[in-house]
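Here is the file target-v5.cif (mmCIF, C-alpha atoms).
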```
data_coords
#
loop_
_atom_site.group_PDB
_atom_site.id
_atom_site.type_symbol
_atom_site.label_atom_id
_atom_site.label_comp_id
_atom_site.auth_asym_id
_atom_site.auth_seq_id
_atom_site.Cartn_x
_atom_site.Cartn_y
_atom_site.Cartn_z
ATOM 1 C CA MET A 1 -0.191 103.757 -35.313
ATOM 2 C CA ILE A 2 0.158 100.444 -33.488
ATOM 3 C CA VAL A 3 3.626 99.377 -32.357
ATOM 4 C CA ASN A 4 4.713 96.058 -30.886
ATOM 5 C CA THR A 5 7.259 96.822 -28.156
ATOM 6 C CA ARG A 6 9.293 93.656 -28.713
ATOM 7 C CA TRP A 7 9.884 94.674 -32.297
ATOM 8 C CA LEU A 8 10.727 98.221 -31.198
ATOM 9 C CA LEU A 9 13.225 96.938 -28.628
ATOM 10 C CA ASP A 10 15.056 95.057 -31.393
ATOM 11 C CA TYR A 11 16.329 98.476 -32.544
ATOM 12 C CA LEU A 12 17.706 99.485 -29.123
ATOM 13 C CA SER A 13 20.711 98.230 -27.197
ATOM 14 C CA PRO A 14 20.964 97.177 -24.457
ATOM 15 C CA ARG A 15 17.436 95.927 -23.880
ATOM 16 C CA VAL A 16 15.465 97.809 -21.263
ATOM 17 C CA PRO A 17 12.509 96.611 -19.200
ATOM 18 C CA LEU A 18 9.108 97.061 -20.816
ATOM 19 C CA THR A 19 7.976 99.457 -18.072
ATOM 20 C CA ASP A 20 10.913 101.805 -18.783
ATOM 21 C CA LEU A 21 10.056 101.839 -22.458
ATOM 22 C CA LEU A 22 6.365 102.530 -21.818
ATOM 23 C CA THR A 23 7.062 105.427 -19.437
ATOM 24 C CA ALA A 24 9.568 106.974 -21.886
ATOM 25 C CA LEU A 25 7.140 107.181 -24.826
ATOM 26 C CA PRO A 26 5.117 110.160 -23.501
ATOM 27 C CA ARG A 27 8.318 111.863 -22.283
ATOM 28 C CA VAL A 28 9.612 112.075 -25.855
ATOM 29 C CA GLY A 29 6.365 113.633 -27.091
ATOM 30 C CA LEU A 30 4.591 110.553 -28.391
ATOM 31 C CA ASP A 31 0.886 110.531 -27.580
ATOM 32 C CA VAL A 32 0.011 107.054 -26.257
ATOM 33 C CA GLU A 33 -3.703 106.405 -26.712
ATOM 34 C CA ALA A 34 -3.801 102.821 -25.408
ATOM 35 C CA THR A 35 -1.460 100.114 -24.214
ATOM 36 C CA HIS A 36 -2.280 96.413 -24.360
ATOM 37 C CA LEU A 37 -0.038 94.282 -22.176
ATOM 38 C CA LEU A 38 -0.220 91.000 -24.056
ATOM 39 C CA ALA A 39 0.559 88.889 -20.980
ATOM 40 C CA HIS A 40 -2.736 90.179 -19.550
ATOM 41 C CA ASP A 41 -4.833 90.637 -22.692
ATOM 42 C CA LEU A 42 -4.085 87.161 -24.075
ATOM 43 C CA ALA A 43 -5.264 85.398 -20.904
ATOM 44 C CA PRO A 44 -8.518 84.241 -22.607
ATOM 45 C CA VAL A 45 -6.527 82.450 -25.336
ATOM 46 C CA ARG A 46 -6.293 78.788 -24.312
ATOM 47 C CA ILE A 47 -4.306 75.796 -25.509
ATOM 48 C CA GLY A 48 -6.564 73.361 -27.337
ATOM 49 C CA PHE A 49 -5.632 70.049 -28.955
ATOM 50 C CA ILE A 50 -6.765 69.158 -32.463
ATOM 51 C CA ARG A 51 -8.586 65.802 -32.242
ATOM 52 C CA ALA A 52 -9.859 65.584 -35.828
ATOM 53 C CA LYS A 53 -9.388 67.473 -39.080
ATOM 54 C CA GLN A 54 -11.262 67.216 -42.353
ATOM 55 C CA PRO A 55 -11.550 69.422 -45.444
ATOM 56 C CA LEU A 56 -14.430 71.884 -45.413
ATOM 57 C CA GLU A 57 -16.808 70.739 -48.130
ATOM 58 C CA GLY A 58 -16.928 73.100 -51.084
ATOM 59 C CA THR A 59 -13.558 74.732 -50.390
ATOM 60 C CA SER A 60 -9.983 73.890 -51.252
ATOM 61 C CA ASP A 61 -8.291 75.950 -48.571
ATOM 62 C CA LYS A 62 -10.239 75.426 -45.329
ATOM 63 C CA PHE A 63 -10.521 72.645 -42.765
ATOM 64 C CA VAL A 64 -12.967 71.768 -40.010
ATOM 65 C CA CYS A 65 -10.995 70.954 -36.878
ATOM 66 C CA GLN A 66 -12.426 69.353 -33.768
ATOM 67 C CA VAL A 67 -10.455 71.035 -30.986
ATOM 68 C CA GLU A 68 -10.568 69.886 -27.367
ATOM 69 C CA VAL A 69 -10.195 73.077 -25.314
ATOM 70 C CA ALA A 70 -10.774 71.409 -21.933
ATOM 71 C CA ALA A 71 -11.273 67.813 -20.835
ATOM 72 C CA GLY A 72 -14.356 66.627 -22.741
ATOM 73 C CA ASP A 73 -15.072 70.086 -24.242
ATOM 74 C CA VAL A 74 -14.595 69.690 -28.007
ATOM 75 C CA ARG A 75 -15.334 72.651 -30.262
ATOM 76 C CA SER A 76 -15.685 72.806 -34.024
ATOM 77 C CA ILE A 77 -13.350 75.409 -35.543
ATOM 78 C CA VAL A 78 -12.991 76.220 -39.228
ATOM 79 C CA ALA A 79 -9.382 77.069 -40.075
ATOM 80 C CA ALA A 80 -7.651 78.181 -43.255
ATOM 81 C CA SER A 81 -4.751 76.178 -44.603
ATOM 82 C CA ALA A 82 -2.204 79.017 -44.534
ATOM 83 C CA HIS A 83 -0.265 76.993 -41.945
ATOM 84 C CA PRO A 84 -0.205 73.235 -41.567
ATOM 85 C CA LEU A 85 -2.423 71.820 -38.837
ATOM 86 C CA GLU A 86 -2.054 68.259 -37.620
ATOM 87 C CA VAL A 87 -4.217 66.042 -35.442
ATOM 88 C CA GLY A 88 -2.619 65.843 -32.007
ATOM 89 C CA TRP A 89 -1.151 69.335 -32.030
ATOM 90 C CA GLY A 90 -1.912 71.785 -29.246
ATOM 91 C CA VAL A 91 -2.592 75.274 -30.617
ATOM 92 C CA PRO A 92 -3.664 78.675 -29.229
ATOM 93 C CA VAL A 93 -7.454 78.956 -29.453
ATOM 94 C CA ALA A 94 -9.692 81.984 -28.972
ATOM 95 C CA LEU A 95 -13.276 80.887 -28.399
ATOM 96 C CA ALA A 96 -16.331 82.875 -29.426
ATOM 97 C CA GLY A 97 -16.725 85.920 -27.192
ATOM 98 C CA THR A 98 -12.986 86.623 -26.973
ATOM 99 C CA ASP A 99 -11.677 90.087 -27.828
ATOM 100 C CA LEU A 100 -8.090 89.989 -29.037
ATOM 101 C CA PRO A 101 -5.705 92.901 -28.334
ATOM 102 C CA THR A 102 -5.473 93.538 -32.090
ATOM 103 C CA GLY A 103 -9.108 94.671 -32.014
ATOM 104 C CA ASP A 104 -10.589 91.498 -33.489
ATOM 105 C CA SER A 105 -13.669 90.079 -31.777
ATOM 106 C CA ILE A 106 -14.136 86.352 -32.150
ATOM 107 C CA HIS A 107 -17.690 85.122 -32.593
ATOM 108 C CA GLU A 108 -19.437 82.034 -33.902
ATOM 109 C CA GLU A 109 -19.808 81.990 -37.674
ATOM 110 C CA HIS A 110 -21.108 79.602 -40.280
ATOM 111 C CA PHE A 111 -18.792 78.590 -43.121
ATOM 112 C CA GLN A 112 -20.367 76.490 -45.865
ATOM 113 C CA GLY A 113 -23.020 75.431 -43.352
ATOM 114 C CA VAL A 114 -20.520 74.467 -40.630
ATOM 115 C CA LEU A 115 -20.542 76.381 -37.337
ATOM 116 C CA SER A 116 -17.109 77.603 -36.262
ATOM 117 C CA GLN A 117 -16.980 78.242 -32.513
ATOM 118 C CA GLY A 118 -13.668 80.070 -32.335
ATOM 119 C CA MET A 119 -10.345 80.634 -34.013
ATOM 120 C CA ILE A 120 -6.960 78.921 -34.048
ATOM 121 C CA CYS A 121 -4.658 81.910 -33.541
ATOM 122 C CA LEU A 122 -1.414 82.742 -35.282
ATOM 123 C CA ASP A 123 1.099 84.929 -33.425
ATOM 124 C CA GLY A 124 0.359 87.967 -35.583
ATOM 125 C CA GLU A 125 -3.400 87.643 -35.064
ATOM 126 C CA MET A 126 -2.781 87.944 -31.316
ATOM 127 C CA GLY A 127 -0.516 90.983 -31.714
ATOM 128 C CA MET A 128 2.691 89.067 -31.046
ATOM 129 C CA ILE A 129 5.839 89.015 -33.145
ATOM 130 C CA ALA A 130 5.716 85.825 -35.202
ATOM 131 C CA THR A 131 8.237 83.231 -34.130
ATOM 132 C CA GLY A 132 9.081 80.192 -36.225
ATOM 133 C CA SER A 133 6.195 79.474 -38.584
ATOM 134 C CA GLY A 134 3.921 81.962 -36.833
ATOM 135 C CA LEU A 135 1.798 79.202 -35.278
ATOM 136 C CA GLN A 136 2.734 78.019 -31.811
ATOM 137 C CA VAL A 137 2.472 74.239 -31.507
ATOM 138 C CA PHE A 138 2.438 72.286 -28.244
ATOM 139 C CA HIS A 139 2.801 68.558 -27.705
ATOM 140 C CA ASP A 140 2.412 68.310 -23.920
ATOM 141 C CA GLU A 141 -1.206 67.235 -23.254
ATOM 142 C CA SER A 142 -1.000 68.614 -19.696
ATOM 143 C CA LEU A 143 -1.147 72.134 -21.192
ATOM 144 C CA GLN A 144 -4.702 71.625 -22.446
ATOM 145 C CA GLY A 145 -7.013 74.420 -21.328
ATOM 146 C CA LYS A 146 -4.219 76.552 -19.884
ATOM 147 C CA SER A 147 -3.948 80.206 -20.774
ATOM 148 C CA LEU A 148 -1.301 81.013 -23.397
ATOM 149 C CA PRO A 149 0.591 83.447 -21.099
ATOM 150 C CA GLU A 150 0.808 80.678 -18.467
ATOM 151 C CA VAL A 151 2.561 78.421 -20.959
ATOM 152 C CA VAL A 152 4.723 80.842 -22.976
ATOM 153 C CA PRO A 153 6.470 83.945 -21.625
ATOM 154 C CA VAL A 154 4.804 86.952 -23.236
ATOM 155 C CA ASP A 155 6.823 90.113 -22.629
ATOM 156 C CA GLU A 156 5.310 92.278 -25.336
ATOM 157 C CA ALA A 157 2.804 95.097 -25.477
ATOM 158 C CA LEU A 158 0.856 96.713 -28.272
ATOM 159 C CA VAL A 159 0.989 100.494 -28.024
ATOM 160 C CA HIS A 160 -1.515 102.631 -29.921
ATOM 161 C CA MET A 161 0.109 105.990 -30.608
ATOM 162 C CA LYS A 162 -1.145 109.110 -32.253
ATOM 163 C CA VAL A 163 1.504 110.534 -34.563
ATOM 164 C CA TYR A 164 0.989 114.222 -35.307
ATOM 165 C CA PRO A 165 1.691 115.768 -38.739
ATOM 166 C CA ASN A 166 4.791 117.543 -37.425
ATOM 167 C CA ARG A 167 6.333 114.183 -36.394
ATOM 168 C CA PRO A 168 6.762 112.215 -39.636
ATOM 169 C CA ASP A 169 10.030 110.922 -38.166
ATOM 170 C CA CYS A 170 7.910 108.772 -35.843
ATOM 171 C CA LEU A 171 5.935 107.012 -38.563
ATOM 172 C CA GLY A 172 8.300 104.042 -38.399
ATOM 173 C CA LEU A 173 10.048 101.944 -35.778
ATOM 174 C CA VAL A 174 13.505 103.364 -36.494
ATOM 175 C CA GLY A 175 12.276 106.926 -35.913
ATOM 176 C CA ILE A 176 10.557 105.990 -32.660
ATOM 177 C CA ALA A 177 13.628 104.050 -31.509
ATOM 178 C CA ARG A 178 15.834 107.070 -32.315
ATOM 179 C CA GLU A 179 13.631 109.274 -30.135
ATOM 180 C CA LEU A 180 13.805 106.795 -27.244
ATOM 181 C CA ALA A 181 17.553 106.083 -27.451
ATOM 182 C CA ALA A 182 18.730 109.408 -25.999
ATOM 183 C CA PRO A 183 16.523 109.706 -22.886
ATOM 184 C CA LEU A 184 17.016 106.017 -22.053
ATOM 185 C CA GLY A 185 20.779 106.152 -22.633
ATOM 186 C CA LEU A 186 20.659 103.442 -25.301
ATOM 187 C CA GLN A 187 22.264 102.916 -28.661
ATOM 188 C CA LEU A 188 20.194 102.767 -31.809
#
```

Using the file provided, produce a representation of the structure as structure tokens.
Amino acid sequence: MIVNTRWLLDYLSPRVPLTDLLTALPRVGLDVEATHLLAHDLAPVRIGFIRAKQPLEGTSDKFVCQVEVAAGDVRSIVAASAHPLEVGWGVPVALAGTDLPTGDSIHEEHFQGVLSQGMICLDGEMGMIATGSGLQVFHDESLQGKSLPEVVPVDEALVHMKVYPNRPDCLGLVGIARELAAPLGLQL
């Protein structure tokens, strides 16, 4: 089971530091297999600015975006139209070769004969809780090429936990929050 700590902390009051939460999980009998601190693991995700956008030939729901990820470094990225994309917007971009904390590996792919050299990332695709529309948009050109955690405070972690058959109460966030409330002195 994968749990986003920011979402988990929404069930507890008052809020505790992330480190306290992470150290409490094993103390309440939850087997933590891996922890991805998003502020660290999202460092390869950069802010790129969309310089051009055109429909992908042969599709009705995809676009080819020319995204400038660094001064003079423009990459072709095929994006779906689930969220609006506008020329001039700065967006989080994972280039080919990036491994996201969600387990997705980004690599170059051909779509309808067009090479896509990365991915424009939604919050959920990066393991973050979606805020607003789920796509972070930037308008300050000075942010181009900067790492997402440099630009936006990321105080979340993804925790991979093994839930044993005798712990069905921990198959949801409320159950996990209930287990953590007592040892941390918090209210559910």

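Taking CA of Arg27 (chain A) as the reference point, CA of Leu42 (chain A) is found at 27.7 Å.
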
TODO: Could you state which residues are captured by the PyMOL selection byres ((chain A and resi 6) around 12) in this file, as a ChimeraX atom specification?
DONE: /A:3-5,7-12,15-18,21-22,37-38,127-131,154-159,173,177

Task: Neighbour list for Asp41 (chain A) as number ranges by chain, cut-off 9 Å, only C-alpha atoms, skip fewer than 3 positions in-chain - done: A: 36-38, 44-45, 99-101

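Ranking A:Met126, A:Met119, A:Met161, A:Leu186 by their shortest atom-to-atom distance to Ala80 (chain A), with all atoms listed in the file included, puts A:Met119 first.
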
- [ ] May I ask which of the residues A:Asn166, A:Gln66, A:Ser116, A:Gln187 is the closest one to Leu85 (chain A), counting all atoms listed in the file?
- [x] A:Gln66

Open item on the list: I'd like the neighbourhood of Arg51 (chain A) as number ranges by chain, where a residue qualifies if any of its atoms comes within 8 Å (using all atoms listed in the file), though same-chain residues fewer than 5 positions away should be ignored.
Closed with: A: 65-68, 87-88

With C-alpha atoms retained, write the just-selected residues as a short mmCIF file (atom, residue, chain, number, x, y, z; two decimals), in the coordinates of the input.
```
data_model
loop_
_atom_site.label_atom_id
_atom_site.label_comp_id
_atom_site.auth_asym_id
_atom_site.auth_seq_id
_atom_site.Cartn_x
_atom_site.Cartn_y
_atom_site.Cartn_z
CA CYS A 65 -11.00 70.95 -36.88
CA GLN A 66 -12.43 69.35 -33.77
CA VAL A 67 -10.46 71.04 -30.99
CA GLU A 68 -10.57 69.89 -27.37
CA VAL A 87 -4.22 66.04 -35.44
CA GLY A 88 -2.62 65.84 -32.01
#
```

TODO: For the structure provided, state which residues fall under the PyMOL selection byres ((chain A and resi 179) around 12), and present them as a ChimeraX atom specification.
DONE: /A:8,11-12,21,24-30,167,169-178,180-188

- [ ] Considering only C-alpha atoms, state which residue in the set A:Trp89, A:Ser81, A:Gly124, A:Glu150 is at the smallest distance from Thr102 (chain A).
- [x] A:Gly124

Applied to this file, what does the PyMOL selection byres ((chain A and resi 33) around 7) return in terms of residues, put as a PDB file with C-alpha atoms, keeping the file's coordinate frame?
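That gives us selection01.pdb:
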```
ATOM      1  CA  ASP A  31       0.886 110.531 -27.580  1.00  0.00           C
ATOM      2  CA  VAL A  32       0.011 107.054 -26.257  1.00  0.00           C
ATOM      3  CA  ALA A  34      -3.801 102.821 -25.408  1.00  0.00           C
ATOM      4  CA  HIS A 160      -1.515 102.631 -29.921  1.00  0.00           C
ATOM      5  CA  MET A 161       0.109 105.990 -30.608  1.00  0.00           C
ATOM      6  CA  LYS A 162      -1.145 109.110 -32.253  1.00  0.00           C
TER       7      LYS A 162
END
```

Size and centre in Å, one decimal, axis-aligned box, all listed region 82-87 of chain A atoms plus 8 Å per side, as JSON:
```
{"center_x": -2.2, "center_y": 72.5, "center_z": -40.0, "size_x": 20.0, "size_y": 29.0, "size_z": 25.1}
```

TODO: Give me, please, the distance in Å between CA of Gly145 (chain A) and CA of Ala70 (chain A), quoted to one decimal.
DONE: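 Atom-to-atom, CA of Gly145 (chain A) and CA of Ala70 (chain A) are spaced 4.9 Å apart.
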
TODO: List the residues sitting within 12 Å of (-11.4, 73.1, -40.1) in the file's frame, using all atoms listed in the file, as a ChimeraX atom specification.
DONE: /A:50-57,59-67,75-87,110-112,114-120

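Atom pair CA of Val151 (chain A) / CA of Ser105 (chain A) has a distance of 22.7 Å (rounded to one decimal).
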
TODO: Name the residues within 6 Å of (-0.9, 74.4, -31.3), counting all atoms listed in the file in the file's coordinates, and put them as a list in words.
DONE: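 Residues satisfying the cut-off, written out: Trp89, Gly90, Val91, Pro92, Gln136, Val137 and Phe138 of chain A.
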
As a PDB file, in the frame of the given file, could you write out region 65-76 of chain A once it has been completed with N, CA, C and O atoms?
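Result written to part-v5.pdb:
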```pdb
ATOM      1  N   CYS A  65     -11.778  71.610 -37.928  1.00  0.00           N
ATOM      2  CA  CYS A  65     -10.995  70.954 -36.878  1.00  0.00           C
ATOM      3  C   CYS A  65     -11.868  70.769 -35.647  1.00  0.00           C
ATOM      4  O   CYS A  65     -12.613  71.676 -35.266  1.00  0.00           O
ATOM      5  N   GLN A  66     -11.788  69.606 -35.049  1.00  0.00           N
ATOM      6  CA  GLN A  66     -12.426  69.353 -33.768  1.00  0.00           C
ATOM      7  C   GLN A  66     -11.338  69.568 -32.723  1.00  0.00           C
ATOM      8  O   GLN A  66     -10.360  68.832 -32.677  1.00  0.00           O
ATOM      9  N   VAL A  67     -11.493  70.626 -31.921  1.00  0.00           N
ATOM     10  CA  VAL A  67     -10.455  71.035 -30.986  1.00  0.00           C
ATOM     11  C   VAL A  67     -10.963  70.862 -29.560  1.00  0.00           C
ATOM     12  O   VAL A  67     -11.996  71.423 -29.186  1.00  0.00           O
ATOM     13  N   GLU A  68     -10.219  70.091 -28.770  1.00  0.00           N
ATOM     14  CA  GLU A  68     -10.568  69.886 -27.367  1.00  0.00           C
ATOM     15  C   GLU A  68      -9.903  70.992 -26.553  1.00  0.00           C
ATOM     16  O   GLU A  68      -8.688  71.026 -26.403  1.00  0.00           O
ATOM     17  N   VAL A  69     -10.718  71.916 -26.038  1.00  0.00           N
ATOM     18  CA  VAL A  69     -10.195  73.077 -25.314  1.00  0.00           C
ATOM     19  C   VAL A  69     -10.133  72.848 -23.810  1.00  0.00           C
ATOM     20  O   VAL A  69      -9.483  73.600 -23.089  1.00  0.00           O
ATOM     21  N   ALA A  70     -10.813  71.838 -23.341  1.00  0.00           N
ATOM     22  CA  ALA A  70     -10.774  71.409 -21.933  1.00  0.00           C
ATOM     23  C   ALA A  70     -11.206  69.944 -21.953  1.00  0.00           C
ATOM     24  O   ALA A  70     -11.778  69.471 -22.940  1.00  0.00           O
ATOM     25  N   ALA A  71     -10.938  69.242 -20.880  1.00  0.00           N
ATOM     26  CA  ALA A  71     -11.273  67.813 -20.835  1.00  0.00           C
ATOM     27  C   ALA A  71     -12.741  67.604 -21.196  1.00  0.00           C
ATOM     28  O   ALA A  71     -13.640  68.091 -20.503  1.00  0.00           O
ATOM     29  N   GLY A  72     -12.996  66.924 -22.307  1.00  0.00           N
ATOM     30  CA  GLY A  72     -14.356  66.627 -22.741  1.00  0.00           C
ATOM     31  C   GLY A  72     -15.064  67.752 -23.463  1.00  0.00           C
ATOM     32  O   GLY A  72     -16.186  67.579 -23.927  1.00  0.00           O
ATOM     33  N   ASP A  73     -14.457  68.928 -23.575  1.00  0.00           N
ATOM     34  CA  ASP A  73     -15.072  70.086 -24.242  1.00  0.00           C
ATOM     35  C   ASP A  73     -14.445  70.248 -25.625  1.00  0.00           C
ATOM     36  O   ASP A  73     -13.395  70.871 -25.781  1.00  0.00           O
ATOM     37  N   VAL A  74     -15.100  69.661 -26.634  1.00  0.00           N
ATOM     38  CA  VAL A  74     -14.595  69.690 -28.007  1.00  0.00           C
ATOM     39  C   VAL A  74     -15.405  70.704 -28.792  1.00  0.00           C
ATOM     40  O   VAL A  74     -16.629  70.666 -28.793  1.00  0.00           O
ATOM     41  N   ARG A  75     -14.696  71.607 -29.466  1.00  0.00           N
ATOM     42  CA  ARG A  75     -15.334  72.651 -30.262  1.00  0.00           C
ATOM     43  C   ARG A  75     -14.965  72.489 -31.728  1.00  0.00           C
ATOM     44  O   ARG A  75     -13.869  72.085 -32.065  1.00  0.00           O
ATOM     45  N   SER A  76     -15.905  72.830 -32.581  1.00  0.00           N
ATOM     46  CA  SER A  76     -15.685  72.806 -34.024  1.00  0.00           C
ATOM     47  C   SER A  76     -15.145  74.164 -34.445  1.00  0.00           C
ATOM     48  O   SER A  76     -15.746  75.201 -34.159  1.00  0.00           O
TER      49      SER A  76
END
```
